[in-house]
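Engineer: Pasting structure35.cif here (mmCIF, C-alpha atoms and all ligand atoms):
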```cif
data_start
loop_
_atom_site.label_atom_id
_atom_site.label_comp_id
_atom_site.auth_asym_id
_atom_site.auth_seq_id
_atom_site.Cartn_x
_atom_site.Cartn_y
_atom_site.Cartn_z
CA MET A 412 -0.38 27.58 -38.05
CA GLN A 413 2.41 29.38 -36.24
CA LYS A 414 4.33 26.89 -34.12
CA PRO A 415 7.56 27.28 -32.22
CA GLN A 416 10.34 26.82 -34.78
CA GLY A 417 13.65 25.04 -34.41
CA GLU A 418 15.08 21.75 -33.27
CA SER A 419 13.14 19.34 -31.20
CA VAL A 420 14.03 16.38 -29.02
CA ASN A 421 11.35 13.70 -28.72
CA GLY A 422 8.89 16.22 -30.05
CA VAL A 423 9.70 18.65 -27.25
CA HIS A 424 11.16 21.93 -28.38
CA THR A 425 14.46 22.82 -26.82
CA GLU A 426 14.63 25.18 -23.88
CA THR A 427 15.89 28.19 -25.79
CA GLU A 428 12.89 28.05 -28.10
CA THR A 429 9.84 27.85 -25.87
CA SER A 430 10.81 27.88 -22.19
CA GLY A 431 9.41 31.01 -20.57
CA LYS A 432 7.48 31.93 -23.71
CA VAL A 433 3.85 31.70 -24.75
CA ILE A 434 3.23 28.67 -27.03
CA THR A 435 0.66 28.78 -29.81
CA CYS A 436 -0.83 25.35 -30.44
CA LYS A 437 -4.00 23.42 -31.21
CA ALA A 438 -6.65 22.53 -28.64
CA ALA A 439 -10.16 21.07 -28.68
CA VAL A 440 -12.32 23.72 -27.04
CA VAL A 441 -15.91 23.33 -25.79
CA LEU A 442 -18.00 26.46 -26.29
CA GLY A 443 -21.36 25.30 -24.90
CA PRO A 444 -23.18 22.26 -23.48
CA GLY A 445 -23.11 19.36 -25.92
CA GLN A 446 -21.67 21.49 -28.72
CA PRO A 447 -19.09 19.75 -30.91
CA PHE A 448 -15.48 20.24 -29.84
CA VAL A 449 -13.83 22.93 -31.94
CA ILE A 450 -10.18 22.49 -32.83
CA GLU A 451 -8.67 25.94 -32.63
CA GLU A 452 -5.39 27.72 -32.08
CA ILE A 453 -4.85 28.81 -28.52
CA GLN A 454 -2.07 30.43 -26.50
CA VAL A 455 -0.55 28.59 -23.57
CA ASP A 456 1.30 30.68 -20.98
CA PRO A 457 4.56 29.49 -19.41
CA PRO A 458 4.28 27.56 -16.13
CA GLN A 459 4.31 29.73 -13.01
CA LYS A 460 5.80 28.84 -9.61
CA MET A 461 5.53 25.07 -8.89
CA GLU A 462 3.79 24.47 -12.25
CA VAL A 463 4.74 22.28 -15.19
CA ARG A 464 4.00 22.72 -18.90
CA VAL A 465 3.47 19.38 -20.61
CA LYS A 466 3.38 18.44 -24.28
CA ILE A 467 0.51 15.96 -24.50
CA LEU A 468 1.21 13.04 -26.84
CA TYR A 469 -1.84 10.87 -26.11
CA THR A 470 -5.17 11.57 -24.47
CA SER A 471 -8.49 9.76 -24.15
CA ILE A 472 -12.06 10.47 -23.14
CA CYS A 473 -13.63 9.27 -19.92
CA HIS A 474 -17.27 9.31 -18.89
CA THR A 475 -16.61 12.30 -16.62
CA ASP A 476 -15.52 14.35 -19.64
CA LEU A 477 -18.84 13.45 -21.28
CA SER A 478 -20.81 14.67 -18.24
CA TYR A 479 -19.07 18.06 -18.33
CA TRP A 480 -19.31 18.27 -22.09
CA LYS A 481 -23.08 17.72 -21.89
CA GLY A 482 -23.29 20.16 -18.95
CA GLU A 483 -25.23 17.58 -16.93
CA SER A 484 -25.12 19.77 -13.86
CA GLU A 485 -25.41 23.58 -13.76
CA ALA A 486 -22.00 23.80 -12.09
CA TYR A 487 -20.34 22.08 -15.05
CA ARG A 488 -21.35 24.84 -17.47
CA VAL A 489 -18.20 26.92 -17.68
CA TYR A 490 -17.16 27.94 -21.20
CA PRO A 491 -15.00 28.16 -23.21
CA ARG A 492 -13.18 25.29 -21.58
CA ILE A 493 -10.57 22.64 -22.35
CA LEU A 494 -11.73 19.28 -20.98
CA GLY A 495 -9.78 16.01 -20.74
CA HIS A 496 -7.96 14.41 -17.84
CA GLU A 497 -6.60 11.07 -19.10
CA ALA A 498 -3.32 11.57 -20.91
CA ALA A 499 0.41 11.03 -21.14
CA GLY A 500 3.10 13.37 -22.33
CA ILE A 501 6.52 14.92 -21.95
CA VAL A 502 7.57 17.85 -19.78
CA GLU A 503 8.30 20.90 -21.96
CA SER A 504 9.36 23.22 -19.14
CA VAL A 505 8.95 23.67 -15.41
CA GLY A 506 8.23 26.73 -13.30
CA GLU A 507 10.22 28.08 -10.37
CA GLY A 508 10.59 25.67 -7.46
CA VAL A 509 9.83 22.41 -9.28
CA VAL A 510 12.59 19.96 -8.34
CA ASP A 511 11.08 16.52 -8.98
CA MET A 512 10.65 16.90 -12.74
CA ARG A 513 12.48 18.43 -15.67
CA LYS A 514 12.25 18.91 -19.39
CA GLY A 515 11.96 15.61 -21.27
CA ASP A 516 10.53 13.58 -18.38
CA HIS A 517 7.67 11.24 -19.24
CA VAL A 518 4.63 12.13 -17.18
CA ILE A 519 0.94 11.49 -16.65
CA PRO A 520 -1.51 14.05 -15.26
CA ILE A 521 -3.60 13.22 -12.18
CA PHE A 522 -6.85 15.07 -11.52
CA ASN A 523 -6.63 14.07 -7.85
CA GLY A 524 -3.34 15.73 -6.96
CA GLU A 525 -0.94 15.12 -4.09
CA CYS A 526 0.84 18.14 -2.63
CA GLY A 527 2.61 15.96 -0.06
CA ASP A 528 2.37 18.60 2.68
CA CYS A 529 -1.24 18.88 3.86
CA VAL A 530 -2.91 16.90 6.65
CA TYR A 531 -4.63 14.68 4.10
CA CYS A 532 -1.42 13.89 2.20
CA LYS A 533 0.30 13.13 5.52
CA CYS A 534 -2.53 10.78 6.53
CA ASP A 535 -1.97 7.18 5.40
CA ASN A 536 -5.72 6.56 5.12
CA SER A 537 -6.61 9.26 2.61
CA ASN A 538 -5.64 10.22 -0.92
CA LEU A 539 -7.62 13.48 -0.87
CA CYS A 540 -5.19 16.38 -1.00
CA GLU A 541 -6.44 19.54 0.69
CA ARG A 542 -5.50 21.81 -2.24
CA PHE A 543 -5.63 19.53 -5.28
CA ARG A 544 -8.47 17.11 -4.67
CA VAL A 545 -11.15 17.02 -7.36
CA HIS A 546 -13.10 20.23 -7.28
CA PRO A 547 -15.75 20.33 -10.02
CA LEU A 548 -16.28 24.06 -9.64
CA ARG A 549 -12.63 25.04 -10.03
CA SER A 550 -11.71 26.19 -13.51
CA VAL A 551 -8.59 28.31 -12.92
CA MET A 552 -5.09 27.65 -11.60
CA VAL A 553 -4.79 27.38 -7.82
CA ASN A 554 -1.72 29.66 -7.61
CA ASP A 555 -3.25 32.89 -8.82
CA GLY A 556 -6.84 32.13 -9.84
CA LYS A 557 -5.99 32.78 -13.50
CA CYS A 558 -6.10 30.75 -16.71
CA ARG A 559 -2.94 29.71 -18.54
CA PHE A 560 -4.94 29.24 -21.76
CA SER A 561 -6.28 32.05 -23.92
CA THR A 562 -7.78 32.61 -27.33
CA LYS A 563 -5.70 34.32 -30.00
CA ASP A 564 -7.35 37.63 -29.06
CA GLY A 565 -6.45 37.18 -25.40
CA LYS A 566 -9.72 35.94 -23.85
CA PRO A 567 -9.32 33.32 -21.12
CA ILE A 568 -10.13 29.65 -21.77
CA PHE A 569 -10.98 27.75 -18.59
CA HIS A 570 -9.27 24.74 -17.05
CA PHE A 571 -10.81 21.42 -16.00
CA LEU A 572 -10.16 18.97 -13.14
CA ASN A 573 -6.62 20.24 -12.45
CA THR A 574 -5.57 18.84 -15.83
CA SER A 575 -7.13 19.91 -19.23
CA THR A 576 -5.55 17.48 -21.67
CA PHE A 577 -7.42 18.04 -24.94
CA THR A 578 -4.63 20.33 -26.11
CA GLU A 579 -1.13 20.00 -27.52
CA TYR A 580 0.28 21.80 -24.48
CA THR A 581 -1.20 22.17 -21.02
CA VAL A 582 -0.10 23.69 -17.72
CA LEU A 583 -0.63 21.82 -14.45
CA HIS A 584 0.43 22.28 -10.87
CA SER A 585 3.32 19.89 -10.17
CA ALA A 586 1.15 18.24 -7.49
CA CYS A 587 -0.98 16.95 -10.38
CA VAL A 588 1.83 15.52 -12.51
CA VAL A 589 3.43 12.10 -11.95
CA LYS A 590 6.81 11.24 -13.43
CA ILE A 591 6.95 7.67 -14.74
CA ASP A 592 9.71 5.42 -16.06
CA SER A 593 10.76 6.61 -19.53
CA LYS A 594 10.73 2.94 -20.63
CA ALA A 595 7.02 2.57 -19.79
CA PRO A 596 4.83 2.42 -22.94
CA LEU A 597 3.52 5.97 -22.85
CA LYS A 598 0.36 5.29 -24.84
CA LYS A 599 -0.89 2.68 -22.37
CA MET A 600 0.06 4.88 -19.41
CA ILE A 601 -2.91 7.16 -20.15
CA LEU A 602 -5.00 4.44 -18.48
CA LEU A 603 -3.26 5.11 -15.16
CA SER A 604 -4.34 8.75 -15.33
CA CYS A 605 -7.94 7.85 -14.47
CA GLY A 606 -10.01 4.83 -15.57
CA VAL A 607 -7.76 1.91 -14.70
CA SER A 608 -6.32 3.41 -11.51
CA THR A 609 -9.83 4.28 -10.32
CA GLY A 610 -11.33 0.83 -10.89
CA LEU A 611 -8.38 -1.36 -10.06
CA GLY A 612 -7.43 0.73 -7.03
CA ALA A 613 -10.99 0.43 -5.70
CA ALA A 614 -10.51 -3.35 -5.57
CA TRP A 615 -6.93 -3.25 -4.25
CA ASN A 616 -6.92 -0.27 -1.90
CA THR A 617 -10.53 0.53 -0.99
CA ALA A 618 -12.21 -2.89 -0.75
CA LYS A 619 -8.94 -4.82 -0.28
CA VAL A 620 -10.44 -7.80 -2.12
CA GLN A 621 -9.28 -11.11 -0.63
CA ALA A 622 -8.24 -14.25 -2.53
CA GLY A 623 -11.10 -16.70 -3.01
CA SER A 624 -13.79 -14.05 -2.52
CA SER A 625 -16.81 -13.24 -4.70
CA VAL A 626 -17.35 -9.93 -6.44
CA ALA A 627 -20.13 -8.27 -8.47
CA ILE A 628 -19.37 -5.38 -10.80
CA PHE A 629 -22.23 -3.15 -11.99
CA GLY A 630 -21.38 -1.34 -15.26
CA LEU A 631 -18.69 -2.78 -17.51
CA GLY A 632 -17.11 0.36 -18.93
CA SER A 633 -13.39 0.93 -18.36
CA VAL A 634 -13.90 1.64 -14.67
CA GLY A 635 -15.92 -1.53 -14.03
CA LEU A 636 -13.60 -3.72 -16.12
CA ALA A 637 -10.64 -2.28 -14.20
CA ALA A 638 -12.34 -3.10 -10.89
CA GLY A 639 -12.76 -6.65 -12.25
CA GLU A 640 -9.07 -6.74 -13.18
CA GLY A 641 -8.24 -5.60 -9.63
CA ALA A 642 -10.37 -8.42 -8.21
CA ARG A 643 -8.84 -10.98 -10.61
CA THR A 644 -5.28 -9.99 -9.71
CA ARG A 645 -6.14 -10.32 -6.01
CA GLY A 646 -7.40 -13.86 -6.60
CA ALA A 647 -11.20 -13.44 -6.44
CA SER A 648 -12.80 -16.72 -7.50
CA LYS A 649 -16.15 -15.38 -8.70
CA ILE A 650 -16.44 -12.13 -10.66
CA ILE A 651 -19.98 -11.35 -11.80
CA GLY A 652 -20.46 -8.64 -14.43
CA VAL A 653 -23.79 -6.77 -14.61
CA ASP A 654 -24.63 -4.55 -17.59
CA ILE A 655 -27.69 -3.62 -19.66
CA ASN A 656 -25.51 -3.75 -22.79
CA PRO A 657 -24.73 -7.44 -23.41
CA ASN A 658 -21.96 -6.51 -25.88
CA LYS A 659 -19.92 -5.65 -22.78
CA PHE A 660 -19.87 -9.30 -21.73
CA ILE A 661 -17.46 -10.25 -24.55
CA LYS A 662 -14.77 -8.03 -23.12
CA GLY A 663 -15.62 -9.10 -19.57
CA LYS A 664 -15.13 -12.73 -20.51
CA ALA A 665 -11.76 -11.99 -22.11
CA MET A 666 -10.72 -10.28 -18.87
CA GLY A 667 -11.58 -13.12 -16.52
CA PHE A 668 -15.13 -12.34 -15.37
CA THR A 669 -16.81 -15.64 -14.53
CA ASP A 670 -20.57 -14.82 -14.77
CA PHE A 671 -22.79 -12.21 -16.39
CA ILE A 672 -26.24 -10.75 -15.73
CA ASN A 673 -28.27 -8.49 -18.01
CA PRO A 674 -30.92 -6.89 -15.73
CA ASN A 675 -33.29 -6.68 -18.72
CA ASP A 676 -33.32 -10.46 -19.12
CA SER A 677 -35.15 -11.18 -15.87
CA LYS A 678 -38.24 -9.96 -14.01
CA ASN A 679 -36.48 -10.48 -10.68
CA PRO A 680 -34.20 -7.78 -9.32
CA VAL A 681 -30.48 -8.40 -9.89
CA HIS A 682 -29.71 -8.65 -6.17
CA GLU A 683 -32.05 -11.64 -5.85
CA ILE A 684 -30.31 -13.40 -8.74
CA ILE A 685 -26.89 -12.70 -7.22
CA GLN A 686 -27.95 -13.82 -3.73
CA GLU A 687 -29.18 -17.06 -5.23
CA MET A 688 -26.02 -17.59 -7.28
CA THR A 689 -23.72 -17.03 -4.32
CA GLY A 690 -25.54 -18.49 -1.34
CA GLY A 691 -26.55 -15.16 0.20
CA GLY A 692 -24.60 -12.50 -1.65
CA VAL A 693 -21.12 -11.50 -2.82
CA ASP A 694 -18.35 -10.30 -0.53
CA TYR A 695 -17.82 -7.11 -2.52
CA SER A 696 -19.79 -5.12 -5.10
CA PHE A 697 -18.73 -2.13 -7.18
CA GLU A 698 -21.11 0.45 -8.64
CA CYS A 699 -19.55 1.69 -11.88
CA ALA A 700 -22.61 2.90 -13.81
CA GLY A 701 -23.41 6.23 -12.12
CA ASN A 702 -27.03 5.25 -11.42
CA LEU A 703 -28.66 5.34 -7.96
CA ASP A 704 -31.04 2.46 -8.63
CA VAL A 705 -28.05 0.40 -9.66
CA LEU A 706 -26.33 1.45 -6.44
CA ARG A 707 -29.18 0.02 -4.40
CA GLU A 708 -29.01 -3.27 -6.32
CA ALA A 709 -25.25 -3.38 -5.76
CA PHE A 710 -25.75 -2.75 -2.04
CA LEU A 711 -28.33 -5.52 -1.63
CA SER A 712 -26.23 -7.94 -3.71
CA THR A 713 -23.61 -8.23 -0.97
CA HIS A 714 -23.75 -10.70 1.87
CA GLU A 715 -25.28 -9.60 5.17
CA GLY A 716 -22.79 -9.32 7.99
CA TRP A 717 -19.68 -8.38 5.99
CA GLY A 718 -20.57 -7.31 2.44
CA MET A 719 -18.96 -4.14 1.14
CA THR A 720 -20.18 -1.93 -1.72
CA VAL A 721 -17.76 0.52 -3.30
CA LEU A 722 -19.26 3.51 -5.10
CA LEU A 723 -17.30 4.59 -8.19
CA GLY A 724 -19.94 6.07 -10.49
CA ILE A 725 -20.46 9.81 -10.58
CA HIS A 726 -24.04 10.77 -9.73
CA PRO A 727 -25.00 14.23 -10.99
CA THR A 728 -28.58 13.75 -9.73
CA PRO A 729 -29.74 15.69 -6.63
CA ARG A 730 -31.22 12.48 -5.17
CA MET A 731 -29.86 11.13 -1.87
CA LEU A 732 -28.62 7.62 -1.08
CA PRO A 733 -31.40 5.05 -1.62
CA ILE A 734 -30.68 3.22 1.63
CA HIS A 735 -32.65 3.18 4.86
CA PRO A 736 -30.40 3.80 7.90
CA MET A 737 -31.65 0.59 9.59
CA GLU A 738 -30.39 -1.43 6.61
CA LEU A 739 -26.85 -0.66 7.71
CA PHE A 740 -27.48 -2.78 10.84
CA ASP A 741 -27.54 -5.79 8.53
CA GLY A 742 -23.80 -5.49 8.43
CA ARG A 743 -23.47 -4.32 4.85
CA ARG A 744 -21.06 -1.46 4.34
CA ILE A 745 -20.90 1.20 1.64
CA ILE A 746 -17.95 3.41 0.80
CA GLY A 747 -16.90 5.77 -1.99
CA SER A 748 -13.55 5.57 -3.73
CA VAL A 749 -11.82 8.46 -5.50
CA PHE A 750 -8.96 7.63 -7.86
CA GLY A 751 -8.88 4.11 -6.43
CA ASP A 752 -7.50 5.44 -3.14
CA PHE A 753 -4.11 5.76 -4.83
CA LYS A 754 -1.85 8.53 -3.58
CA GLY A 755 -0.91 9.54 -7.12
CA LYS A 756 2.61 10.89 -6.90
CA THR A 757 3.70 8.40 -4.25
CA GLN A 758 2.17 5.22 -5.65
CA LEU A 759 1.65 5.49 -9.42
CA PRO A 760 5.33 5.11 -10.42
CA HIS A 761 5.29 1.70 -8.70
CA PHE A 762 1.92 0.85 -10.24
CA ALA A 763 3.39 1.68 -13.67
CA GLN A 764 6.20 -0.82 -12.96
CA GLN A 765 3.65 -3.50 -12.09
CA CYS A 766 1.89 -2.83 -15.40
CA MET A 767 5.22 -3.03 -17.28
CA ARG A 768 5.92 -6.43 -15.68
CA GLY A 769 2.56 -7.66 -16.98
CA GLU A 770 1.05 -8.12 -13.51
CA VAL A 771 -1.95 -6.08 -14.68
CA ASN A 772 -3.55 -6.56 -18.08
CA LEU A 773 -3.86 -3.14 -19.76
CA ASP A 774 -4.19 -4.42 -23.31
CA GLU A 775 -7.94 -4.87 -23.36
CA PHE A 776 -8.82 -1.28 -22.45
CA ILE A 777 -7.68 0.50 -25.61
CA THR A 778 -10.29 -0.38 -28.22
CA HIS A 779 -9.86 2.50 -30.69
CA GLU A 780 -7.23 5.00 -31.84
CA LEU A 781 -7.80 8.21 -33.79
CA PRO A 782 -5.98 11.42 -34.66
CA PHE A 783 -6.72 14.24 -32.18
CA GLU A 784 -8.67 16.17 -34.84
CA LYS A 785 -11.30 13.40 -34.79
CA ILE A 786 -12.15 13.98 -31.13
CA ASN A 787 -15.88 14.37 -31.89
CA GLU A 788 -15.89 10.85 -33.37
CA ALA A 789 -14.22 9.54 -30.21
CA VAL A 790 -16.88 11.25 -28.07
CA GLN A 791 -19.62 9.50 -30.04
CA LEU A 792 -17.92 6.10 -29.71
CA LEU A 793 -17.90 6.41 -25.91
CA ALA A 794 -21.36 7.94 -25.66
CA GLU A 795 -22.82 5.07 -27.72
CA GLY A 796 -21.02 2.46 -25.62
CA LYS A 797 -18.94 1.31 -28.61
CA SER A 798 -15.51 2.05 -27.15
CA LEU A 799 -13.75 1.61 -23.85
CA ARG A 800 -10.87 3.94 -24.39
CA CYS A 801 -10.20 5.62 -27.73
CA VAL A 802 -6.66 6.98 -27.70
CA LEU A 803 -6.30 10.31 -29.48
CA HIS A 804 -2.87 10.93 -30.99
CA LEU A 805 -1.65 14.52 -30.87
N1 LIG B 1 -27.36 -1.31 -15.11
C1 LIG B 1 -26.16 -1.88 -15.44
N2 LIG B 1 -25.23 -1.27 -16.21
C2 LIG B 1 -25.51 -0.05 -16.67
C3 LIG B 1 -26.72 0.62 -16.36
C4 LIG B 1 -27.68 -0.08 -15.56
N3 LIG B 1 -28.86 0.48 -15.24
N4 LIG B 1 -26.70 1.83 -16.95
C5 LIG B 1 -25.53 1.91 -17.61
N5 LIG B 1 -24.80 0.78 -17.44
C6 LIG B 1 -23.49 0.45 -18.02
C7 LIG B 1 -23.31 0.93 -19.44
O1 LIG B 1 -23.92 0.07 -20.39
C8 LIG B 1 -21.78 0.95 -19.55
O2 LIG B 1 -21.28 -0.28 -20.02
O3 LIG B 1 -22.47 1.11 -17.28
C9 LIG B 1 -21.32 1.20 -18.12
C10 LIG B 1 -20.65 2.56 -17.91
O4 LIG B 1 -19.49 2.58 -18.65
P1 LIG B 1 -18.89 3.89 -19.37
O5 LIG B 1 -20.00 4.73 -19.87
O6 LIG B 1 -17.87 3.42 -20.35
O7 LIG B 1 -18.22 4.69 -18.15
P2 LIG B 1 -16.81 4.55 -17.39
O8 LIG B 1 -15.80 5.43 -18.04
O9 LIG B 1 -16.45 3.12 -17.15
O10 LIG B 1 -17.20 5.23 -15.99
C11 LIG B 1 -18.15 4.62 -15.16
O11 LIG B 1 -17.51 5.92 -13.25
O12 LIG B 1 -15.97 7.64 -13.25
C12 LIG B 1 -17.33 7.31 -13.25
O13 LIG B 1 -18.41 9.15 -14.37
C13 LIG B 1 -18.00 7.83 -14.49
O14 LIG B 1 -20.18 7.30 -13.70
C14 LIG B 1 -19.16 6.89 -14.58
C15 LIG B 1 -18.60 5.56 -14.08
ZN ZN B 2 -11.93 9.90 -15.66
#
```
Rewrite the structure from the file as structure tokens, please.
Ligand code: APR
Ligand code: ZN
Structural biologist:
Amino acid sequence: MQKPQGESVNGVHTETETSGKVITCKAAVVLGPGQPFVIEEIQVDPPQKMEVRVKILYTSICHTDLSYWKGESEAYRVYPRILGHEAAGIVESVGEGVVDMRKGDHVIPIFNGECGDCVYCKCDNSNLCERFRVHPLRSVMVNDGKCRFSTKDGKPIFHFLNTSTFTEYTVLHSACVVKIDSKAPLKKMILLSCGVSTGLGAAWNTAKVQAGSSVAIFGLGSVGLAAGEGARTRGASKIIGVDINPNKFIKGKAMGFTDFINPNDSKNPVHEIIQEMTGGGVDYSFECAGNLDVLREAFLSTHEGWGMTVLLGIHPTPRMLPIHPMELFDGRRIIGSVFGDFKGKTQLPHFAQQCMRGEVNLDEFITHELPFEKINEAVQLLAEGKSLRCVLHL
């Protein structure tokens, strides 16, 4: 394989070698719905105005990547494409106008960007940037509507969720790149890119879980376990884990969940069991399974009068909310949370510090590690519910 030659610092080639030039490198490309990832050589263009080119060192697979890979919705079927949005890496070069990052900085990509200038970014109550919020249909760079990736014979390869991390080098808008402390353990920082920030932030920022409260988490993948960790760190006294896969309870127990329910073990609906266990329902519930029937159970599991359900799962189904409008008069609330309501560029550097000080337990989330070339194995591990996060080493 033809790679940029010459000296390198921390694995990043020096400016004279690659800055401003096309880089040839390896990427895992998806060519069709559910087709195995193909590791192939691609070309990565230099970053344009306000863009950053990043050398990815670690990446992992999240449930959302699986949904796009399978092409669960018509809109997801854009090929060839480079998926992936959880990662950590080092800045290789920056485009014109980028002043908050430079070559060698340690960074994590964020699919929910923060431009800092729009009405949303200027609003304290929202983390949805006008230009860089998640847009499932977007598959090109915002600047010029073009791809920075191409095949060796010059055909475009499409982008994904503002990030595309299943590649040795990627190009992102600087609004979607967060600089973190170079002393932070880069491998663990991938978790802040999506899963852990999403779940934990939902408990901290969206629900604002109070000390002594009760919580039910539906779906104990990385997102659900992170929501549990958010509740634990805020002092919740009861954390109930609900999952149809009882193997998930082992991890939940290690992370401080206090009770577990397998819906398949009882004829009664889960919300009845939870109402009985808690004297009327939990204060907060989190839907982290991506299933509408589960959402309804989560909604009814909260206490009348003040209960709050936070929706985290992605629901590709065309079905509408399974809630009658009059049920909202019972005082239960329901709200969605994107990226844990974190404003990525503003708040993640501080969150990384909290993780470094051990205030948040990241250790349990990484269950497997594999070389990047074995990405198809990592996909299977997640799809079969055997892994939380499998870190791929590039
Ligand atoms: N009831 C309870 N738990 C369920 C059910 C159900 N009917 N169906 C699935 N689950 C559990 C699975 O067994 C699994 O443990 O939900 C969990 C989902 O975990 P992962 O597949 O690891 O997904 P994760 O990465 O945590 O994401 C969860 O959030 O970001 C979204 O798209 C993502 O919808 C997904 C959700
Ligand atoms: Zn994700």
Engineer: Taking all atoms listed in the file into account, name the residue in A:Ile745, A:Val551, A:Ile651, A:Leu539 that is nearest to Met688 in chain A.
Structural biologist: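 Between A:Ile745, A:Val551, A:Ile651, A:Leu539, the residue approaching Met688 in chain A most closely is A:Ile651.
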Engineer: Report the closest atom pair, with its distance in Å rounded to one decimal, for each residue of chain A that has an atom no farther than 8 Å from ligand LIG 1 (chain B); count only C-alpha atoms and all ligand atoms, sort by chain and then rising residue number, and write it as CSV.
Structural biologist:
```
residue,atom,partner,partner_atom,distance
A:Cys473,CA,B:LIG1,O8,4.8
A:His474,CA,B:LIG1,O8,4.2
A:Thr475,CA,B:LIG1,O13,4.3
A:Asp476,CA,B:LIG1,O13,7.9
A:Ser478,CA,B:LIG1,O13,7.2
A:Gly606,CA,B:LIG1,O8,6.3
A:Thr609,CA,B:LIG1,O12,7.6
A:Phe629,CA,B:LIG1,C1,5.4
A:Gly630,CA,B:LIG1,O3,3.4
A:Leu631,CA,B:LIG1,O2,4.4
A:Gly632,CA,B:LIG1,O4,3.3
A:Ser633,CA,B:LIG1,O9,4.0
A:Val634,CA,B:LIG1,O9,3.9
A:Gly635,CA,B:LIG1,O9,5.6
A:Leu636,CA,B:LIG1,O9,7.5
A:Val653,CA,B:LIG1,C1,5.5
A:Asp654,CA,B:LIG1,N2,3.6
A:Ile655,CA,B:LIG1,C1,4.8
A:Asn656,CA,B:LIG1,O1,4.8
A:Lys659,CA,B:LIG1,O2,6.2
A:Asn673,CA,B:LIG1,C1,7.4
A:Pro674,CA,B:LIG1,N1,6.6
A:Glu698,CA,B:LIG1,C15,7.9
A:Cys699,CA,B:LIG1,C15,4.6
A:Ala700,CA,B:LIG1,O3,3.9
A:Gly701,CA,B:LIG1,O14,3.8
A:Asn702,CA,B:LIG1,N3,6.4
A:Asp704,CA,B:LIG1,N3,7.2
A:Val705,CA,B:LIG1,N3,5.6
A:Leu723,CA,B:LIG1,O11,5.2
A:Gly724,CA,B:LIG1,O14,3.4
A:Ile725,CA,B:LIG1,O14,4.0
A:His726,CA,B:LIG1,O14,6.5
A:Leu793,CA,B:LIG1,O6,6.3
A:Ala794,CA,B:LIG1,O5,6.8
A:Gly796,CA,B:LIG1,O6,6.2
A:Ser798,CA,B:LIG1,O6,7.3
A:Leu799,CA,B:LIG1,O6,5.7
```
Engineer: Contacts of range 663-671 of chain A at 10 Å or less, counting all atoms listed in the file, minus same-chain residues fewer than 6 places along, as a list in words?
Structural biologist: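 Returned residues: Val626, Ala627, Ile628, Leu631, Gly632, Gly635, Leu636, Ala637, Gly639, Glu640, Ala642, Arg643, Thr644, Ala647, Ser648, Lys649, Ile650, Ile651, Gly652, Val653, Asp654, Pro657, Met688, Asn772, Leu773, Asp774, Glu775 and Phe776 of chain A.
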Engineer: If I take CA of Leu494 in chain A and CA of Ile453 in chain A, how far is one from the other in Å, to one decimal?
Structural biologist: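 One can read the CA of Leu494 in chain A to CA of Ile453 in chain A distance as 14.0 Å.
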Engineer: I'd like the interatomic distance between CA of Glu497 in chain A and CA of Gly443 in chain A, to a tenth of an Å.
Structural biologist: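 These two atoms are separated by 21.3 Å.
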Engineer: Using all atoms listed in the file, find the one residue out of A:Thr576, A:Gln686, A:Ser677, A:Ser604 that sits nearest to Leu759 in chain A.
Structural biologist: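 Of A:Thr576, A:Gln686, A:Ser677, A:Ser604, the one nearest Leu759 in chain A is A:Ser604, counting all atoms listed in the file.
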Engineer: Near Cys526 in chain A, within 7 Å and counting all atoms listed in the file, which residues show up once chain neighbours fewer than 2 positions away are dropped, as JSON, numbers by chain?
Structural biologist: {"A": [524, 528, 529, 532, 540, 586]}
Engineer: Fewer than 4 positions away in the same chain doesn't count, so skip those; otherwise give me all residues within 8 Å of Tyr469 in chain A, counting only C-alpha atoms, as a PyMOL selection string.
Structural biologist: chain A and resi 498-500+597-598+601+802-805
Engineer: Please measure the separation of CA of Thr578 in chain A and CA of Ala439 in chain A, giving the value in Å to one decimal.
Structural biologist: 6.1 Å
Engineer: Of the candidates A:Thr689, A:Thr581, A:Thr574, A:Ser484, which shows the shortest atom-to-atom distance to ligand ZN 2 (chain B), using only C-alpha atoms and all ligand atoms?
Structural biologist: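 Closest residue, counting only C-alpha atoms and all ligand atoms: A:Thr574.
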Engineer: When you count only C-alpha atoms, which of these residues is closest to Leu477 in chain A: A:Arg645, A:His496, A:Lys590, A:Lys563?
Structural biologist: A:His496
Engineer: Restricting the calculation to all atoms listed in the file: of A:Gly623, A:Gly690, A:Gly716, A:Pro520, which residue gets closest to ligand ZN 2 (chain B)?
Structural biologist: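 Residue with the minimum atom-to-atom distance to ligand ZN 2 (chain B): A:Pro520.
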Engineer: Choose the residue, out of A:Val510, A:Cys801, A:Val553, A:Cys605, that has the smallest atom-to-atom separation from ligand ZN 2 (chain B); count all atoms listed in the file.
Structural biologist: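 Residue with the minimum atom-to-atom distance to ligand ZN 2 (chain B): A:Cys605.
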Engineer: Given 8 Å on each side, where is the centre and what are the edge lengths in Å to one decimal of the axis-aligned box enclosing the listed atoms of range 431-445 of chain A, as lines of an AutoDock Vina configuration file?
Structural biologist:
```
center_x = -6.9
center_y = 25.6
center_z = -25.9
size_x = 48.6
size_y = 28.6
size_z = 26.6
```
Engineer: Once you count all atoms listed in the file, which residues end up no further than 10 Å from (5.4, 30.8, -23.9) in the file's frame, shown as a list in words?
Structural biologist: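 Here the neighbourhood of the point contains Pro415, Glu428, Thr429, Ser430, Gly431, Lys432, Val433, Ile434, Thr435, Gln454, Val455, Asp456, Pro457, Pro458, Arg464, Ser504 and Arg559 of chain A.
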